[in-house]
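Chemist: This one is data.txt, compact mmCIF, C-alpha atoms.
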```
# COMPACT_ATOMS: atom_id res chain seq x y z
CA ARG A 19 -29.21 -3.49 15.00
CA PHE A 20 -29.91 -1.59 18.15
CA LYS A 21 -33.16 0.01 16.93
CA ALA A 22 -35.62 -0.71 14.13
CA GLN A 23 -34.80 2.58 12.37
CA ASP A 24 -31.09 1.63 12.20
CA HIS A 25 -31.86 -0.61 9.23
CA ILE A 26 -32.45 2.31 6.85
CA ARG A 27 -30.87 5.75 7.18
CA VAL A 28 -29.74 8.68 5.08
CA CYS A 29 -26.22 8.48 3.65
CA PRO A 30 -25.29 11.88 2.20
CA MET A 31 -23.09 11.78 -0.87
CA PRO A 32 -21.27 14.89 -2.07
CA GLU A 33 -21.65 15.97 -5.67
CA VAL A 34 -18.16 16.66 -6.92
CA ALA A 35 -17.24 17.33 -10.52
CA VAL A 36 -14.22 15.23 -11.47
CA THR A 37 -12.25 16.18 -14.53
CA GLU A 38 -11.21 13.25 -16.69
CA GLY A 39 -7.56 12.34 -16.20
CA THR A 40 -7.23 13.88 -12.72
CA TRP A 41 -7.34 10.60 -10.79
CA PRO A 42 -4.18 8.51 -10.48
CA ALA A 43 -4.01 5.25 -12.41
CA VAL A 44 -5.38 2.25 -10.55
CA ARG A 45 -3.84 -1.19 -10.94
CA PHE A 46 -5.62 -4.23 -9.58
CA GLY A 47 -3.84 -7.39 -8.50
CA GLU A 48 -1.26 -8.70 -6.07
CA PHE A 49 1.12 -5.92 -4.98
CA LEU A 50 4.22 -8.09 -5.22
CA THR A 51 3.34 -9.29 -8.71
CA LEU A 52 2.57 -5.79 -10.01
CA TYR A 53 5.52 -3.89 -8.54
CA ASP A 54 8.35 -6.40 -8.00
CA ALA A 55 9.94 -5.48 -11.34
CA ALA A 56 13.05 -3.54 -12.36
CA ALA A 57 10.95 -0.99 -14.29
CA GLU A 58 9.23 0.09 -11.04
CA ARG A 59 12.48 1.10 -9.27
CA ALA A 60 12.06 4.48 -7.48
CA ALA A 61 9.04 5.18 -9.69
CA TYR A 62 6.84 6.65 -6.93
CA ASP A 63 7.00 9.52 -4.47
CA ALA A 64 4.79 7.69 -1.98
CA VAL A 65 3.05 4.43 -1.19
CA VAL A 66 -0.05 4.25 1.00
CA THR A 67 -1.03 0.87 2.42
CA ALA A 68 -4.26 0.26 4.33
CA PHE A 69 -5.19 -3.11 5.81
CA ALA A 70 -2.64 -4.70 3.45
CA VAL A 71 0.75 -5.41 5.08
CA ASP A 72 -0.42 -8.46 7.01
CA ARG A 73 -2.01 -9.97 3.88
CA SER A 74 1.32 -10.76 2.21
CA SER A 75 2.57 -14.35 2.25
CA ASN A 76 6.13 -12.97 2.51
CA ILE A 77 6.21 -9.82 4.62
CA PHE A 78 9.95 -9.24 4.11
CA ARG A 79 9.49 -9.28 0.33
CA TYR A 80 6.54 -6.89 0.76
CA VAL A 81 8.70 -4.40 2.72
CA ARG A 82 11.51 -4.75 0.19
CA THR A 83 9.11 -4.18 -2.72
CA VAL A 84 7.72 -1.01 -1.12
CA ALA A 85 11.32 0.16 -0.67
CA HIS A 86 12.03 -0.73 -4.31
CA VAL A 87 9.22 1.45 -5.72
CA VAL A 88 9.61 4.49 -3.41
CA ARG A 89 12.31 6.98 -4.39
CA PRO A 90 14.84 8.07 -1.71
CA GLY A 91 13.19 10.79 0.37
CA GLY A 92 9.74 9.43 -0.55
CA LEU A 93 7.03 8.42 1.90
CA TRP A 94 5.45 5.15 3.02
CA THR A 95 2.41 5.51 5.23
CA ASN A 96 0.49 2.55 6.55
CA PHE A 97 -2.67 1.94 8.54
CA GLY A 98 -3.89 -1.51 9.47
CA PRO A 99 -3.71 -4.42 11.86
CA LEU A 100 -1.11 -7.13 12.04
CA ALA A 101 -3.79 -9.81 12.22
CA TYR A 102 -2.26 -12.28 9.72
CA ASP A 103 -5.63 -13.98 9.39
CA THR A 104 -5.44 -14.94 5.71
CA ASP A 105 -4.92 -18.41 4.36
CA HIS A 106 -1.85 -18.68 2.19
CA ASP A 107 -1.09 -21.23 -0.47
CA GLU A 108 0.00 -24.37 1.38
CA GLY A 109 2.56 -25.05 -1.36
CA HIS A 110 4.46 -21.93 -0.34
CA GLY A 111 4.24 -22.49 3.40
CA HIS A 112 2.71 -20.22 5.98
CA GLY A 113 3.65 -16.57 6.22
CA LEU A 114 5.51 -15.15 9.18
CA GLU A 115 3.46 -13.39 11.83
CA LEU A 116 5.70 -10.53 12.95
CA SER A 117 5.01 -8.23 15.87
CA TRP A 118 5.16 -4.47 15.22
CA GLU A 119 8.54 -4.43 16.98
CA GLU A 120 9.87 -7.06 14.54
CA LEU A 121 8.24 -5.50 11.48
CA ARG A 122 9.51 -2.06 12.48
CA HIS A 123 13.05 -3.45 12.48
CA ALA A 124 12.59 -4.71 8.88
CA VAL A 125 10.98 -1.42 7.77
CA SER A 126 13.82 0.55 9.40
CA HIS A 127 16.36 -1.06 7.08
CA PHE A 128 14.92 0.95 4.16
CA PHE A 129 12.96 3.72 5.88
CA GLU A 130 13.28 6.11 8.79
CA VAL A 131 10.09 5.76 10.83
CA LYS A 132 9.00 9.31 11.63
CA GLU A 133 5.69 8.62 13.34
CA GLU A 134 3.99 5.54 14.76
CA LYS A 135 0.94 4.92 16.91
CA PHE A 136 -1.66 2.29 17.64
CA VAL A 137 -5.26 3.13 16.77
CA ASP A 138 -8.43 1.12 17.40
CA SER A 139 -10.45 0.76 14.20
CA LEU A 140 -13.63 -0.94 13.09
CA SER A 141 -13.34 -3.05 9.95
CA ALA A 142 -16.19 -3.02 7.41
CA ALA A 143 -18.56 -2.24 10.23
CA ASN A 144 -21.87 -0.52 10.55
CA GLY A 145 -21.56 1.73 13.60
CA GLU A 146 -25.25 1.17 14.32
CA SER A 147 -24.90 -2.62 14.29
CA MET A 148 -24.50 -4.91 17.28
CA MET A 149 -21.97 -6.97 15.31
CA GLN A 150 -18.64 -5.24 14.75
CA THR A 151 -15.02 -6.28 14.25
CA GLN A 152 -12.47 -4.04 15.90
CA TYR A 153 -8.72 -4.15 15.28
CA CYS A 154 -5.85 -2.47 17.05
CA CYS A 155 -4.07 -0.98 14.01
CA ILE A 156 -0.55 0.31 13.54
CA PHE A 157 -0.26 3.67 11.83
CA PHE A 158 3.20 4.66 10.69
CA ARG A 159 4.76 7.29 8.47
CA ALA A 160 8.26 6.56 7.19
CA VAL A 161 10.73 8.27 4.83
CA ARG A 162 12.79 6.22 2.36
CA ASN A 163 16.55 6.19 2.91
CA ASP A 164 19.25 5.34 0.33
CA ALA A 165 19.62 1.62 1.19
CA GLU A 166 19.49 -0.68 -1.85
CA SER A 167 16.56 -3.09 -2.16
CA PRO A 168 18.39 -6.14 -3.57
CA GLY A 169 16.86 -9.08 -5.33
CA ILE A 170 14.56 -7.23 -7.71
```
Do you think you could lay out the structure here as structure tokens?
Modeler:
Amino acid sequence: RFKAQDHIRVCPMPEVAVTEGTWPAVRFGEFLTLYDAAAERAAYDAVVTAFAVDRSSNIFRYVRTVAHVVRPGGLWTNFGPLAYDTDHDEGHGHGLELSWEELRHAVSHFFEVKEEKFVDSLSAANGESMMQTQYCCIFFRAVRNDAESPGI
């Protein structure tokens, strides 16, 4: 911490009434396991990924699975680094570490990238702390085209 008073501070929390059934369903687990199924084809209008793309052991399958679940004309928006700093199961080999240029090429097979920019972002950081992890993140917004997502 920079100052002694940085250890404890007020964190305002809004009081918002939430009606039961108004939140979307939440599914926990590995994205590829949950959504790489025929029943999920074009089932969603949008997919939002945050600090997730570089966590997949097979980034091409990840892109294809997002394309599989998003209907044509639907949206994929992403924010996160391409840090590839996870350990993957040695039995399945190491994942590819694509640059944004390479990943953009794969994304562009199924989506038209409408917006892209690099943004510096702190990860799980306390802004008043002397220890912080900062990533250069890729933000993109892409619209699904009509290309088939084979193999699912």
Chemist: Which residues of range 23-92 of chain A sit at most 9 Å from range 120-133 of chain A, using only C-alpha atoms? Give each one's shortest atom pair and distance in Å (one decimal place), in chain and ascending residue order, as a tab-separated table.
Modeler:
```
residue	atom	partner	partner_atom	distance
A:Ile77	CA	A:Leu121	CA	8.4
A:Phe78	CA	A:Ala124	CA	7.1
A:Val81	CA	A:Val125	CA	6.3
A:Arg82	CA	A:Phe128	CA	7.7
A:Ala85	CA	A:Phe128	CA	6.1
A:Pro90	CA	A:Phe129	CA	8.9
A:Gly91	CA	A:Phe129	CA	9.0
```
Chemist: Could you tell me how far CA of Ala60 in chain A sits from CA of Glu166 in chain A, in Å to one decimal place?
Modeler: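 The value is 10.7 Å.
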Chemist: For Ser139 in chain A, which residue among A:Val36, A:Leu93, A:Ala68, A:Ala57 is the nearest when counting only C-alpha atoms?
Modeler: A:Ala68
Chemist: Measuring atom to atom with all atoms listed in the file, identify which of A:Val88, A:Ile170, A:Ile26, A:Val34 is nearest to Tyr62 in chain A.
Modeler: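 Of all the options, A:Val88 lies closest to Tyr62 in chain A.
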Chemist: So, counting only C-alpha atoms, which residue among A:Gly145, A:Met31, A:Glu115, A:Asp54 is closest to Arg19 in chain A?
Modeler: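 Distance minimum relative to Arg19 in chain A lands on A:Gly145.
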Chemist: Just give me the gap between CA of Ala64 in chain A and CA of Ala143 in chain A in Å, one decimal is fine.
Modeler: 28.2 Å
Chemist: Residues near Val137 in chain A, anyone? I mean within 12 Å using all atoms listed in the file, not counting same-chain ones fewer than 4 positions away, as a CSV table (one decimal) with C-alpha atoms, keeping the file's coordinate frame.
Modeler:
```
chain,number,residue,atom,x,y,z
A,96,ASN,CA,0.5,2.6,6.6
A,97,PHE,CA,-2.7,1.9,8.5
A,98,GLY,CA,-3.9,-1.5,9.5
A,99,PRO,CA,-3.7,-4.4,11.9
A,152,GLN,CA,-12.5,-4.0,15.9
A,153,TYR,CA,-8.7,-4.2,15.3
A,154,CYS,CA,-5.8,-2.5,17.0
A,155,CYS,CA,-4.1,-1.0,14.0
A,156,ILE,CA,-0.6,0.3,13.5
A,157,PHE,CA,-0.3,3.7,11.8
A,158,PHE,CA,3.2,4.7,10.7
```
Chemist: Using all atoms listed in the file, can you tell me which of A:Thr83, A:Thr151, A:Asn76, A:Ser141 comes closest to Leu116 in chain A?
Modeler: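 Among the listed residues, A:Asn76 lies closest to Leu116 in chain A.
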